[in-house]
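Text of the file query_39.cif, holding mmCIF, N, CA and C atoms:
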```cif
data_data
loop_
_atom_site.group_PDB
_atom_site.id
_atom_site.type_symbol
_atom_site.label_atom_id
_atom_site.label_comp_id
_atom_site.auth_asym_id
_atom_site.auth_seq_id
_atom_site.Cartn_x
_atom_site.Cartn_y
_atom_site.Cartn_z
ATOM 1 N N MET A 1 9.802 20.599 -17.921
ATOM 2 C CA MET A 1 10.476 20.837 -16.658
ATOM 3 C C MET A 1 9.644 20.307 -15.485
ATOM 4 N N ILE A 2 8.335 20.594 -15.513
ATOM 5 C CA ILE A 2 7.463 20.125 -14.438
ATOM 6 C C ILE A 2 7.397 18.606 -14.434
ATOM 7 N N LEU A 3 7.293 18.010 -15.605
ATOM 8 C CA LEU A 3 7.232 16.555 -15.715
ATOM 9 C C LEU A 3 8.522 15.918 -15.200
ATOM 10 N N ALA A 4 9.648 16.491 -15.546
ATOM 11 C CA ALA A 4 10.934 15.972 -15.071
ATOM 12 C C ALA A 4 11.033 16.071 -13.556
ATOM 13 N N SER A 5 10.564 17.174 -12.988
ATOM 14 C CA SER A 5 10.583 17.347 -11.529
ATOM 15 C C SER A 5 9.695 16.322 -10.847
ATOM 16 N N ALA A 6 8.507 16.081 -11.412
ATOM 17 C CA ALA A 6 7.587 15.091 -10.845
ATOM 18 C C ALA A 6 8.209 13.699 -10.880
ATOM 19 N N LEU A 7 8.883 13.363 -11.972
ATOM 20 C CA LEU A 7 9.531 12.065 -12.095
ATOM 21 C C LEU A 7 10.654 11.914 -11.079
ATOM 22 N N ILE A 8 11.428 12.939 -10.878
ATOM 23 C CA ILE A 8 12.521 12.906 -9.892
ATOM 24 C C ILE A 8 11.959 12.724 -8.483
ATOM 25 N N ILE A 9 10.886 13.439 -8.168
ATOM 26 C CA ILE A 9 10.252 13.304 -6.848
ATOM 27 C C ILE A 9 9.726 11.889 -6.665
ATOM 28 N N TRP A 10 9.051 11.343 -7.692
ATOM 29 C CA TRP A 10 8.502 9.982 -7.617
ATOM 30 C C TRP A 10 9.625 8.965 -7.389
ATOM 31 N N LYS A 11 10.700 9.071 -8.160
ATOM 32 C CA LYS A 11 11.831 8.148 -8.000
ATOM 33 C C LYS A 11 12.457 8.285 -6.616
ATOM 34 N N GLY A 12 12.533 9.507 -6.108
ATOM 35 C CA GLY A 12 13.053 9.728 -4.757
ATOM 36 C C GLY A 12 12.178 9.070 -3.707
ATOM 37 N N LEU A 13 10.857 9.187 -3.865
ATOM 38 C CA LEU A 13 9.939 8.522 -2.940
ATOM 39 C C LEU A 13 10.089 7.007 -2.999
ATOM 40 N N MET A 14 10.329 6.472 -4.196
ATOM 41 C CA MET A 14 10.530 5.025 -4.334
ATOM 42 C C MET A 14 11.747 4.571 -3.538
ATOM 43 N N VAL A 15 12.806 5.345 -3.585
ATOM 44 C CA VAL A 15 14.033 4.991 -2.865
ATOM 45 C C VAL A 15 13.820 5.101 -1.358
ATOM 46 N N VAL A 16 13.211 6.177 -0.911
ATOM 47 C CA VAL A 16 13.013 6.418 0.521
ATOM 48 C C VAL A 16 12.061 5.396 1.137
ATOM 49 N N THR A 17 10.963 5.069 0.432
ATOM 50 C CA THR A 17 9.952 4.169 0.987
ATOM 51 C C THR A 17 10.243 2.700 0.723
ATOM 52 N N GLY A 18 11.099 2.409 -0.254
ATOM 53 C CA GLY A 18 11.432 1.023 -0.563
ATOM 54 C C GLY A 18 10.340 0.289 -1.323
ATOM 55 N N THR A 19 9.489 0.999 -2.040
ATOM 56 C CA THR A 19 8.397 0.368 -2.770
ATOM 57 C C THR A 19 8.223 1.008 -4.150
ATOM 58 N N GLU A 20 7.697 0.222 -5.107
ATOM 59 C CA GLU A 20 7.465 0.732 -6.454
ATOM 60 C C GLU A 20 6.343 1.759 -6.488
ATOM 61 N N SER A 21 5.385 1.612 -5.597
ATOM 62 C CA SER A 21 4.224 2.514 -5.551
ATOM 63 C C SER A 21 4.153 3.183 -4.186
ATOM 64 N N PRO A 22 4.892 4.259 -3.981
ATOM 65 C CA PRO A 22 4.899 4.896 -2.662
ATOM 66 C C PRO A 22 3.607 5.636 -2.338
ATOM 67 N N VAL A 23 2.745 5.825 -3.326
ATOM 68 C CA VAL A 23 1.491 6.544 -3.115
ATOM 69 C C VAL A 23 0.360 5.756 -3.772
ATOM 70 N N VAL A 24 -0.748 5.538 -3.041
ATOM 71 C CA VAL A 24 -1.944 4.922 -3.611
ATOM 72 C C VAL A 24 -3.162 5.739 -3.184
ATOM 73 N N VAL A 25 -4.249 5.548 -3.908
ATOM 74 C CA VAL A 25 -5.504 6.249 -3.618
ATOM 75 C C VAL A 25 -6.532 5.209 -3.180
ATOM 76 N N VAL A 26 -7.294 5.516 -2.130
ATOM 77 C CA VAL A 26 -8.374 4.645 -1.679
ATOM 78 C C VAL A 26 -9.489 4.733 -2.717
ATOM 79 N N LEU A 27 -9.886 3.585 -3.283
ATOM 80 C CA LEU A 27 -10.848 3.580 -4.376
ATOM 81 C C LEU A 27 -12.277 3.265 -3.956
ATOM 82 N N SER A 28 -12.482 2.754 -2.743
ATOM 83 C CA SER A 28 -13.842 2.405 -2.336
ATOM 84 C C SER A 28 -14.096 2.870 -0.907
ATOM 85 N N GLU A 29 -15.313 2.650 -0.449
ATOM 86 C CA GLU A 29 -15.700 3.051 0.904
ATOM 87 C C GLU A 29 -15.339 2.003 1.952
ATOM 88 N N SER A 30 -14.675 0.929 1.570
ATOM 89 C CA SER A 30 -14.415 -0.179 2.494
ATOM 90 C C SER A 30 -13.484 0.199 3.649
ATOM 91 N N MET A 31 -12.743 1.296 3.539
ATOM 92 C CA MET A 31 -11.810 1.699 4.598
ATOM 93 C C MET A 31 -12.395 2.749 5.537
ATOM 94 N N GLU A 32 -13.665 3.131 5.341
ATOM 95 C CA GLU A 32 -14.293 4.128 6.219
ATOM 96 C C GLU A 32 -14.498 3.529 7.597
ATOM 97 N N PRO A 33 -14.456 4.275 8.675
ATOM 98 C CA PRO A 33 -14.361 5.717 8.737
ATOM 99 C C PRO A 33 -12.923 6.235 8.757
ATOM 100 N N GLY A 34 -11.925 5.347 8.825
ATOM 101 C CA GLY A 34 -10.540 5.795 8.910
ATOM 102 C C GLY A 34 -10.053 6.533 7.683
ATOM 103 N N PHE A 35 -10.394 6.003 6.516
ATOM 104 C CA PHE A 35 -10.004 6.615 5.248
ATOM 105 C C PHE A 35 -11.226 6.728 4.366
ATOM 106 N N GLN A 36 -11.369 7.845 3.699
ATOM 107 C CA GLN A 36 -12.486 8.082 2.788
ATOM 108 C C GLN A 36 -12.061 7.746 1.362
ATOM 109 N N ARG A 37 -13.042 7.475 0.517
ATOM 110 C CA ARG A 37 -12.755 7.251 -0.899
ATOM 111 C C ARG A 37 -12.057 8.486 -1.467
ATOM 112 N N GLY A 38 -10.959 8.277 -2.177
ATOM 113 C CA GLY A 38 -10.203 9.382 -2.756
ATOM 114 C C GLY A 38 -9.028 9.842 -1.908
ATOM 115 N N ASP A 39 -8.931 9.356 -0.658
ATOM 116 C CA ASP A 39 -7.783 9.712 0.182
ATOM 117 C C ASP A 39 -6.497 9.184 -0.435
ATOM 118 N N ILE A 40 -5.429 9.946 -0.292
ATOM 119 C CA ILE A 40 -4.113 9.547 -0.792
ATOM 120 C C ILE A 40 -3.312 8.981 0.365
ATOM 121 N N LEU A 41 -2.767 7.784 0.174
ATOM 122 C CA LEU A 41 -1.996 7.116 1.215
ATOM 123 C C LEU A 41 -0.532 7.031 0.803
ATOM 124 N N PHE A 42 0.368 7.377 1.711
ATOM 125 C CA PHE A 42 1.803 7.252 1.489
ATOM 126 C C PHE A 42 2.266 5.969 2.173
ATOM 127 N N LEU A 43 2.985 5.126 1.439
ATOM 128 C CA LEU A 43 3.364 3.794 1.911
ATOM 129 C C LEU A 43 4.851 3.695 2.196
ATOM 130 N N HIS A 44 5.200 2.680 2.991
ATOM 131 C CA HIS A 44 6.602 2.317 3.176
ATOM 132 C C HIS A 44 6.689 0.823 3.452
ATOM 133 N N MET A 45 7.803 0.237 3.083
ATOM 134 C CA MET A 45 8.026 -1.185 3.343
ATOM 135 C C MET A 45 8.502 -1.348 4.783
ATOM 136 N N ASN A 46 8.111 -2.459 5.380
ATOM 137 C CA ASN A 46 8.478 -2.733 6.757
ATOM 138 C C ASN A 46 8.682 -4.229 6.904
ATOM 139 N N LYS A 47 9.753 -4.640 7.537
ATOM 140 C CA LYS A 47 10.048 -6.061 7.694
ATOM 141 C C LYS A 47 9.483 -6.639 8.985
ATOM 142 N N ASP A 48 8.861 -5.805 9.825
ATOM 143 C CA ASP A 48 8.257 -6.305 11.059
ATOM 144 C C ASP A 48 7.057 -7.191 10.727
ATOM 145 N N PRO A 49 6.727 -8.127 11.614
ATOM 146 C CA PRO A 49 5.540 -8.968 11.375
ATOM 147 C C PRO A 49 4.273 -8.101 11.309
ATOM 148 N N ILE A 50 3.358 -8.502 10.463
ATOM 149 C CA ILE A 50 2.092 -7.782 10.316
ATOM 150 C C ILE A 50 1.199 -8.132 11.500
ATOM 151 N N ARG A 51 0.516 -7.088 12.043
ATOM 152 C CA ARG A 51 -0.368 -7.276 13.197
ATOM 153 C C ARG A 51 -1.790 -6.857 12.836
ATOM 154 N N ALA A 52 -2.748 -7.415 13.551
ATOM 155 C CA ALA A 52 -4.151 -7.034 13.359
ATOM 156 C C ALA A 52 -4.299 -5.540 13.617
ATOM 157 N N GLY A 53 -5.106 -4.871 12.792
ATOM 158 C CA GLY A 53 -5.340 -3.444 12.923
ATOM 159 C C GLY A 53 -4.497 -2.594 11.993
ATOM 160 N N GLU A 54 -3.416 -3.150 11.455
ATOM 161 C CA GLU A 54 -2.568 -2.390 10.535
ATOM 162 C C GLU A 54 -3.206 -2.319 9.151
ATOM 163 N N ILE A 55 -2.789 -1.327 8.393
ATOM 164 C CA ILE A 55 -3.245 -1.168 7.008
ATOM 165 C C ILE A 55 -2.157 -1.733 6.105
ATOM 166 N N VAL A 56 -2.543 -2.609 5.181
ATOM 167 C CA VAL A 56 -1.591 -3.175 4.222
ATOM 168 C C VAL A 56 -2.078 -2.911 2.807
ATOM 169 N N VAL A 57 -1.146 -2.885 1.892
ATOM 170 C CA VAL A 57 -1.439 -2.731 0.473
ATOM 171 C C VAL A 57 -0.770 -3.894 -0.239
ATOM 172 N N PHE A 58 -1.511 -4.566 -1.109
ATOM 173 C CA PHE A 58 -0.930 -5.705 -1.810
ATOM 174 C C PHE A 58 -1.427 -5.738 -3.243
ATOM 175 N N ASN A 59 -0.703 -6.480 -4.055
ATOM 176 C CA ASN A 59 -1.057 -6.629 -5.465
ATOM 177 C C ASN A 59 -1.633 -8.015 -5.694
ATOM 178 N N VAL A 60 -2.632 -8.085 -6.556
ATOM 179 C CA VAL A 60 -3.210 -9.342 -7.007
ATOM 180 C C VAL A 60 -2.891 -9.450 -8.484
ATOM 181 N N ASP A 61 -2.440 -10.619 -8.915
ATOM 182 C CA ASP A 61 -1.980 -10.787 -10.296
ATOM 183 C C ASP A 61 -2.990 -10.334 -11.338
ATOM 184 N N GLU A 62 -4.273 -10.582 -11.114
ATOM 185 C CA GLU A 62 -5.287 -10.257 -12.115
ATOM 186 C C GLU A 62 -5.652 -8.776 -12.134
ATOM 187 N N ARG A 63 -5.224 -8.007 -11.143
ATOM 188 C CA ARG A 63 -5.631 -6.606 -11.049
ATOM 189 C C ARG A 63 -4.427 -5.681 -11.149
ATOM 190 N N PRO A 64 -4.502 -4.647 -11.982
ATOM 191 C CA PRO A 64 -3.366 -3.729 -12.126
ATOM 192 C C PRO A 64 -3.273 -2.715 -10.989
ATOM 193 N N ILE A 65 -4.331 -2.601 -10.174
ATOM 194 C CA ILE A 65 -4.375 -1.594 -9.114
ATOM 195 C C ILE A 65 -4.117 -2.258 -7.764
ATOM 196 N N PRO A 66 -3.239 -1.699 -6.918
ATOM 197 C CA PRO A 66 -2.996 -2.270 -5.589
ATOM 198 C C PRO A 66 -4.265 -2.252 -4.733
ATOM 199 N N ILE A 67 -4.397 -3.231 -3.844
ATOM 200 C CA ILE A 67 -5.541 -3.368 -2.946
ATOM 201 C C ILE A 67 -5.138 -2.853 -1.564
ATOM 202 N N VAL A 68 -5.980 -2.017 -0.950
ATOM 203 C CA VAL A 68 -5.736 -1.467 0.385
ATOM 204 C C VAL A 68 -6.735 -2.105 1.347
ATOM 205 N N HIS A 69 -6.238 -2.713 2.432
ATOM 206 C CA HIS A 69 -7.120 -3.331 3.427
ATOM 207 C C HIS A 69 -6.555 -3.160 4.829
ATOM 208 N N ARG A 70 -7.452 -3.221 5.801
ATOM 209 C CA ARG A 70 -7.056 -3.261 7.212
ATOM 210 C C ARG A 70 -6.979 -4.735 7.612
ATOM 211 N N VAL A 71 -5.929 -5.117 8.338
ATOM 212 C CA VAL A 71 -5.752 -6.493 8.775
ATOM 213 C C VAL A 71 -6.691 -6.754 9.951
ATOM 214 N N ILE A 72 -7.563 -7.733 9.805
ATOM 215 C CA ILE A 72 -8.483 -8.120 10.870
ATOM 216 C C ILE A 72 -7.876 -9.247 11.697
ATOM 217 N N LYS A 73 -7.317 -10.223 11.011
ATOM 218 C CA LYS A 73 -6.715 -11.379 11.675
ATOM 219 C C LYS A 73 -5.497 -11.807 10.865
ATOM 220 N N VAL A 74 -4.434 -12.165 11.543
ATOM 221 C CA VAL A 74 -3.215 -12.611 10.864
ATOM 222 C C VAL A 74 -3.249 -14.129 10.796
ATOM 223 N N PRO A 75 -3.209 -14.704 9.588
ATOM 224 C CA PRO A 75 -3.188 -16.168 9.484
ATOM 225 C C PRO A 75 -1.874 -16.721 10.008
ATOM 226 N N SER A 76 -1.883 -17.981 10.334
ATOM 227 C CA SER A 76 -0.661 -18.583 10.871
ATOM 228 C C SER A 76 0.406 -18.745 9.799
ATOM 229 N N PHE A 77 0.012 -18.724 8.522
ATOM 230 C CA PHE A 77 0.976 -18.875 7.437
ATOM 231 C C PHE A 77 0.715 -17.823 6.370
ATOM 232 N N VAL A 78 1.749 -17.111 5.976
ATOM 233 C CA VAL A 78 1.690 -16.177 4.856
ATOM 234 C C VAL A 78 2.704 -16.652 3.835
ATOM 235 N N ALA A 79 2.252 -16.844 2.604
ATOM 236 C CA ALA A 79 3.137 -17.351 1.553
ATOM 237 C C ALA A 79 4.362 -16.452 1.409
ATOM 238 N N PRO A 80 5.552 -17.032 1.242
ATOM 239 C CA PRO A 80 6.781 -16.231 1.165
ATOM 240 C C PRO A 80 6.840 -15.281 -0.013
ATOM 241 N N ASN A 81 6.089 -15.532 -1.080
ATOM 242 C CA ASN A 81 6.162 -14.649 -2.234
ATOM 243 C C ASN A 81 5.141 -13.508 -2.163
ATOM 244 N N GLN A 82 4.369 -13.411 -1.085
ATOM 245 C CA GLN A 82 3.407 -12.323 -0.950
ATOM 246 C C GLN A 82 4.151 -11.051 -0.553
ATOM 247 N N SER A 83 3.852 -9.981 -1.253
ATOM 248 C CA SER A 83 4.489 -8.704 -0.986
ATOM 249 C C SER A 83 3.457 -7.739 -0.395
ATOM 250 N N LEU A 84 3.649 -7.329 0.845
ATOM 251 C CA LEU A 84 2.733 -6.426 1.526
ATOM 252 C C LEU A 84 3.455 -5.142 1.867
ATOM 253 N N ARG A 85 2.787 -4.016 1.637
ATOM 254 C CA ARG A 85 3.334 -2.718 2.017
ATOM 255 C C ARG A 85 2.438 -2.113 3.060
ATOM 256 N N ARG A 86 2.976 -1.268 3.889
ATOM 257 C CA ARG A 86 2.218 -0.661 4.971
ATOM 258 C C ARG A 86 2.173 0.823 4.864
ATOM 259 N N LEU A 87 1.193 1.386 5.573
ATOM 260 C CA LEU A 87 1.117 2.841 5.713
ATOM 261 C C LEU A 87 2.148 3.291 6.696
#
```
Hey, can you dump this file as structure tokens for me?
Amino acid sequence: MILASALIIWKGLMVVTGTESPVVVVLSESMEPGFQRGDILFLHMNKDPIRAGEIVVFNVDERPIPIVHRVIKVPSFVAPNQSLRRL
């Protein structure tokens, strides 16, 4: 029963946030002081242009775990197949 409830909640979060992984955990100290290692982040998809200072989460083909980073500078070109999620 508990497992079924957790699955329903997870699927509901996927629908509301528009992403496969609506929740990620910060795995390193690279996001300090804003986020500490072990912090849980709730994500949502956004179609607005990405700006410097925002937090994005992206997947790299070789890694099974999403990467969380703060945007320092926005390049003039972002490949169309790149999928970025925001906090």
| request: Place a sphere of radius 6.5 Å on (2.8, 7.0, -3.2) in the file coordinates and name every protein, DNA or RNA residue with an atom inside or on its surface, counting all atoms listed in the file; give the answer as a ChimeraX atom specification. | output: /A:21-24,41-43
| message | Let me make sure I understand: among A:Asn46, A:Pro75, A:Arg63, A:His69, which one has the smallest atom-to-atom distance to Gly18 (chain A) if we use all atoms listed in the file? | response | A:Asn46
| field | Atomic distance atom N of Pro49 (chain A) - atom C of Thr19 (chain A), expressed in Å with one decimal | value |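 Separation between atom N of Pro49 (chain A) and atom C of Thr19 (chain A): 18.3 Å.
Counting only C-alpha atoms, the residue from A:Val57, A:Ala52, A:Met45, A:Ile67 that sits nearest to Leu13 (chain A) is A:Met45.
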| So how far away is CA of Phe35 (chain A) from atom N of Asp61 (chain A), in Å? | 23.6 Å
| If you count only C-alpha atoms, which residues fall within 8 Å of Arg51 (chain A), apart from same-chain ones fewer than 2 positions away, as a list in words? |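 With the cut-off at 8 Å, the set is Pro49, Gly53, Glu54, Val71, Lys73 and Val74 of chain A.
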| message | Can you measure atom C of His44 (chain A) to atom C of Leu3 (chain A) for me? One decimal in Å is fine. | response |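 About the pair atom C of His44 (chain A) and atom C of Leu3 (chain A): they are 24.1 Å apart.
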| said: Using DSSP assignments from the backbone, pull out every residue in chain A that falls under strand (DSSP E) and give it to me as a PyMOL selection string. | reply: chain A and resi 23-25+40-42+55-58+67-70+84-86
| request: Within chain A, find each residue whose DSSP state, derived from the backbone, is helix (DSSP H, G or I), and express the selection as a PyMOL selection string. | output: chain A and resi 2-17+29-31
Atoms kept (N, CA and C atoms) for selection, written as a short mmCIF file (atom, residue, chain, number, x, y, z; two decimals), keeping the file's coordinate frame:
```cif
data_model
loop_
_atom_site.label_atom_id
_atom_site.label_comp_id
_atom_site.auth_asym_id
_atom_site.auth_seq_id
_atom_site.Cartn_x
_atom_site.Cartn_y
_atom_site.Cartn_z
N ILE A 2 8.34 20.59 -15.51
CA ILE A 2 7.46 20.12 -14.44
C ILE A 2 7.40 18.61 -14.43
N LEU A 3 7.29 18.01 -15.60
CA LEU A 3 7.23 16.56 -15.72
C LEU A 3 8.52 15.92 -15.20
N ALA A 4 9.65 16.49 -15.55
CA ALA A 4 10.93 15.97 -15.07
C ALA A 4 11.03 16.07 -13.56
N SER A 5 10.56 17.17 -12.99
CA SER A 5 10.58 17.35 -11.53
C SER A 5 9.70 16.32 -10.85
N ALA A 6 8.51 16.08 -11.41
CA ALA A 6 7.59 15.09 -10.84
C ALA A 6 8.21 13.70 -10.88
N LEU A 7 8.88 13.36 -11.97
CA LEU A 7 9.53 12.06 -12.10
C LEU A 7 10.65 11.91 -11.08
N ILE A 8 11.43 12.94 -10.88
CA ILE A 8 12.52 12.91 -9.89
C ILE A 8 11.96 12.72 -8.48
N ILE A 9 10.89 13.44 -8.17
CA ILE A 9 10.25 13.30 -6.85
C ILE A 9 9.73 11.89 -6.66
N TRP A 10 9.05 11.34 -7.69
CA TRP A 10 8.50 9.98 -7.62
C TRP A 10 9.62 8.96 -7.39
N LYS A 11 10.70 9.07 -8.16
CA LYS A 11 11.83 8.15 -8.00
C LYS A 11 12.46 8.28 -6.62
N GLY A 12 12.53 9.51 -6.11
CA GLY A 12 13.05 9.73 -4.76
C GLY A 12 12.18 9.07 -3.71
N LEU A 13 10.86 9.19 -3.86
CA LEU A 13 9.94 8.52 -2.94
C LEU A 13 10.09 7.01 -3.00
N MET A 14 10.33 6.47 -4.20
CA MET A 14 10.53 5.03 -4.33
C MET A 14 11.75 4.57 -3.54
N VAL A 15 12.81 5.34 -3.58
CA VAL A 15 14.03 4.99 -2.86
C VAL A 15 13.82 5.10 -1.36
N VAL A 16 13.21 6.18 -0.91
CA VAL A 16 13.01 6.42 0.52
C VAL A 16 12.06 5.40 1.14
N THR A 17 10.96 5.07 0.43
CA THR A 17 9.95 4.17 0.99
C THR A 17 10.24 2.70 0.72
N GLU A 29 -15.31 2.65 -0.45
CA GLU A 29 -15.70 3.05 0.90
C GLU A 29 -15.34 2.00 1.95
N SER A 30 -14.68 0.93 1.57
CA SER A 30 -14.42 -0.18 2.49
C SER A 30 -13.48 0.20 3.65
N MET A 31 -12.74 1.30 3.54
CA MET A 31 -11.81 1.70 4.60
C MET A 31 -12.40 2.75 5.54
#
```
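Proximity to Glu32 (chain A) was assessed for A:Ile50, A:Ile9, A:Ser76, A:Arg70 counting only C-alpha atoms; the smallest distance is recorded for A:Arg70.
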Draw an axis-aligned box tight on the listed atoms of region 59-65 of chain A, then pad every side by 4 Å and write out centre and edge lengths in Å to one decimal as JSON.
```
{"center_x": -3.2, "center_y": -6.2, "center_z": -8.1, "size_x": 12.9, "size_y": 17.2, "size_z": 16.1}
```
| query | Of the residues A:Met1, A:Val25, A:Ile55, A:Thr17, which is the one nearest to Arg37 (chain A), using only C-alpha atoms? | reply |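 Nearest candidate to Arg37 (chain A) out of A:Met1, A:Val25, A:Ile55, A:Thr17: A:Val25.
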